[in-house]
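Q: Next up, structure.txt (compact mmCIF, C-alpha atoms and all ligand atoms).
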```
# COMPACT_ATOMS: atom_id res chain seq x y z
CA MET I 1 0.00 0.00 0.00
CA GLN I 2 1.16 3.49 -0.78
CA GLY I 3 0.69 6.96 0.60
CA GLN I 4 1.98 10.47 0.17
CA CYS I 5 1.90 13.98 1.55
CA LEU I 6 -0.35 16.70 0.21
CA CYS I 7 2.15 18.05 -2.35
CA GLY I 8 3.57 14.64 -3.27
CA ALA I 9 7.20 15.39 -2.42
CA VAL I 10 7.24 12.69 0.25
CA SER I 11 5.78 9.29 -0.49
CA TYR I 12 6.01 5.87 1.04
CA GLU I 13 5.22 2.25 0.40
CA VAL I 14 4.23 -0.30 3.01
CA GLU I 15 4.71 -4.03 2.67
CA GLY I 16 2.97 -6.46 4.95
CA LYS I 17 0.01 -5.92 7.19
CA PRO I 18 -0.08 -2.78 9.34
CA GLN I 19 -1.14 -3.20 12.95
CA GLY I 20 -2.60 -1.16 15.78
CA ALA I 21 -4.79 1.22 13.81
CA SER I 22 -5.73 3.90 16.30
CA VAL I 23 -6.87 7.46 16.75
CA CYS I 24 -4.61 9.44 19.06
CA HIS I 25 -6.00 12.28 21.15
CA CYS I 26 -2.74 13.38 22.79
CA SER I 27 -1.86 17.05 22.74
CA GLN I 28 1.12 16.53 20.44
CA CYS I 29 -0.94 14.72 17.81
CA ARG I 30 -3.71 17.27 18.10
CA ARG I 31 -1.34 20.20 17.66
CA GLN I 32 0.57 18.70 14.78
CA SER I 33 -2.43 17.41 12.86
CA GLY I 34 -4.93 20.13 13.69
CA HIS I 35 -7.31 17.65 15.31
CA LEU I 36 -6.67 13.92 15.73
CA TRP I 37 -4.03 11.66 14.30
CA ALA I 38 -5.04 8.29 12.96
CA SER I 39 -2.24 5.85 12.26
CA ALA I 40 -1.14 2.26 12.00
CA TYR I 41 2.34 0.82 12.36
CA VAL I 42 4.65 -1.61 10.60
CA LEU I 43 8.18 -2.84 11.21
CA GLU I 44 10.51 -0.14 9.91
CA ASP I 45 12.02 -2.65 7.49
CA LEU I 46 8.62 -2.91 5.81
CA ILE I 47 8.16 0.77 4.97
CA THR I 48 10.10 2.61 2.26
CA ILE I 49 10.04 6.38 2.50
CA LYS I 50 10.99 8.51 -0.50
CA GLY I 51 11.55 12.22 -0.65
CA PRO I 52 12.82 14.92 1.71
CA VAL I 53 11.02 13.84 4.88
CA ARG I 54 12.05 15.88 7.90
CA TRP I 55 11.96 14.56 11.45
CA PHE I 56 10.91 16.68 14.38
CA GLU I 57 12.14 15.54 17.77
CA ALA I 58 8.81 15.93 19.50
CA SER I 59 9.85 14.47 22.83
CA GLU I 60 12.55 12.38 24.43
CA GLU I 61 10.57 9.32 23.41
CA ALA I 62 9.67 9.89 19.80
CA ARG I 63 10.11 11.82 16.58
CA ARG I 64 7.55 12.91 14.01
CA GLY I 65 8.10 12.85 10.27
CA PHE I 66 6.60 15.52 8.04
CA CYS I 67 6.93 16.99 4.57
CA PRO I 68 9.08 20.16 4.63
CA LYS I 69 7.25 21.57 1.58
CA CYS I 70 3.59 21.16 2.46
CA GLY I 71 3.76 20.31 6.15
CA SER I 72 1.79 17.10 6.01
CA SER I 73 2.13 15.02 9.15
CA LEU I 74 3.08 11.54 7.97
CA PHE I 75 5.09 9.45 10.44
CA TRP I 76 5.69 8.80 14.09
CA GLN I 77 8.53 6.73 15.50
CA ALA I 78 9.54 5.91 19.06
CA HIS I 79 13.30 5.97 19.57
CA ASP I 80 13.32 2.59 21.25
CA GLU I 81 11.01 0.73 18.87
CA ASP I 82 11.68 -0.89 15.53
CA THR I 83 8.35 0.18 14.05
CA ILE I 84 7.13 3.29 12.25
CA SER I 85 3.59 4.60 12.38
CA PHE I 86 2.15 6.23 9.27
CA SER I 87 -0.92 8.41 9.05
CA LEU I 88 -4.02 6.71 7.69
CA GLY I 89 -5.12 9.96 6.11
CA SER I 90 -2.10 9.93 3.81
CA LEU I 91 -2.90 6.60 2.16
CA ASN I 92 -3.57 6.76 -1.56
CA ASP I 93 -6.08 3.96 -1.93
CA ASP I 94 -8.38 1.70 -0.02
CA SER I 95 -6.39 0.03 2.71
CA GLU I 96 -8.68 -2.55 4.32
CA ILE I 97 -7.43 -1.10 7.61
CA LYS I 98 -10.08 -0.50 10.26
CA LEU I 99 -9.57 1.64 13.32
CA GLN I 100 -9.36 -0.46 16.48
CA LYS I 101 -9.21 2.03 19.34
CA HIS I 102 -8.87 5.54 20.67
CA ILE I 103 -5.72 6.29 22.65
CA PHE I 104 -4.60 9.05 25.04
CA VAL I 105 -8.19 10.07 25.48
CA ALA I 106 -7.35 11.81 28.76
CA SER I 107 -5.76 14.55 26.65
CA LYS I 108 -8.64 14.96 24.24
CA GLY I 109 -10.13 18.34 23.48
CA ASP I 110 -13.48 19.38 24.91
CA TYR I 111 -14.88 20.47 21.55
CA TYR I 112 -15.79 16.98 20.33
CA ASP I 113 -17.20 13.71 21.54
CA ILE I 114 -16.12 10.17 20.74
CA ALA I 115 -19.18 8.39 19.48
CA ASP I 116 -18.04 5.59 17.19
CA GLY I 117 -18.17 2.87 19.85
CA LEU I 118 -14.52 1.83 19.50
CA PRO I 119 -12.57 0.90 22.65
CA ILE I 120 -11.11 3.82 24.56
CA VAL I 121 -7.63 3.42 26.02
CA GLY I 122 -5.93 5.78 28.42
CA GLU I 123 -8.93 7.61 29.78
CA SER I 124 -7.36 8.38 33.12
ZN ZN I 201 4.48 17.65 0.74
```
Starting from the file, lay out its structure as structure tokens.
Ligand SMILES: [Zn+2]
A:
Amino acid sequence: MQGQCLCGAVSYEVEGKPQGASVCHCSQCRRQSGHLWASAYVLEDLITIKGPVRWFEASEEARRGFCPKCGSSLFWQAHDEDTISFSLGSLNDDSEIKLQKHIFVASKGDYYDIADGLPIVGES
């Protein structure tokens, strides 16, 4: 499966089956994406990234990959994990991925409700 940023400068290809499709409500994901960040992850060996992706060291734990031309938020990677998360919104085609859960809900904004019935993780 393939995806790309808004302007197309950064693209990627995923082999294998992504896991852990989730919607993150943490303040970092909300700030970077403008609302929520939906992603799934694969082993880093199974994703090929092309183009001038830039990495922002968002915290001591993780970095966030984005397109330096259009600003699209594309990737998330923990420093101590061998996986990379990619944004579901950047996929080009149907993915057969289904969201499984909401995470970091304790940090969610007060301007929306979660009403899709998916499991909620990290409420307190
Ligand atoms: Zn771009």
Q: Within 7 Å of segment 11-23 of chain I, counting only C-alpha atoms, which residues show up once you throw out same-chain ones fewer than 4 positions away? Write them as a list in words, please.
A: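 Near neighbours after the sequence-gap exclusion: Met1, Gln2, Gly3, Gln4, Cys5, Leu36, Trp37, Ala38, Ser39, Ala40, Tyr41, Val42, Leu46, Ile47, Thr48, Ile49, Lys50, Gly51, Lys98, Leu99, Gln100, Lys101, His102 and Ile103 of chain I.
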Q: Could you please extract the residues within 6 Å of ligand ZN 201 (chain I), counting only C-alpha atoms and all ligand atoms, and hand them back as a list in words?
A: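 Selection of residues at most 6 Å from ligand ZN 201 (chain I): Cys5, Leu6, Cys7, Gly8, Ala9, Val10, Cys67, Lys69, Cys70 and Ser72 of chain I.
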Q: From the options I:Ser85, I:Gly71, I:Val53, I:Glu60, which residue's atoms come nearest to Gly34 of chain I, counting all atoms listed in the file?
A: I:Gly71
Q: Between I:Trp76, I:Ile120, I:Asp94, I:Ile114, which has the minimum distance to Cys29 of chain I (counting all atoms listed in the file)?
A: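 Among the listed residues, I:Trp76 lies closest to Cys29 of chain I.
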Q: So what do you get for atom CA of Tyr112 of chain I versus atom CA of Ser95 of chain I, distance-wise?
A: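 Result for atom CA of Tyr112 of chain I versus atom CA of Ser95 of chain I: 26.2 Å, one decimal.
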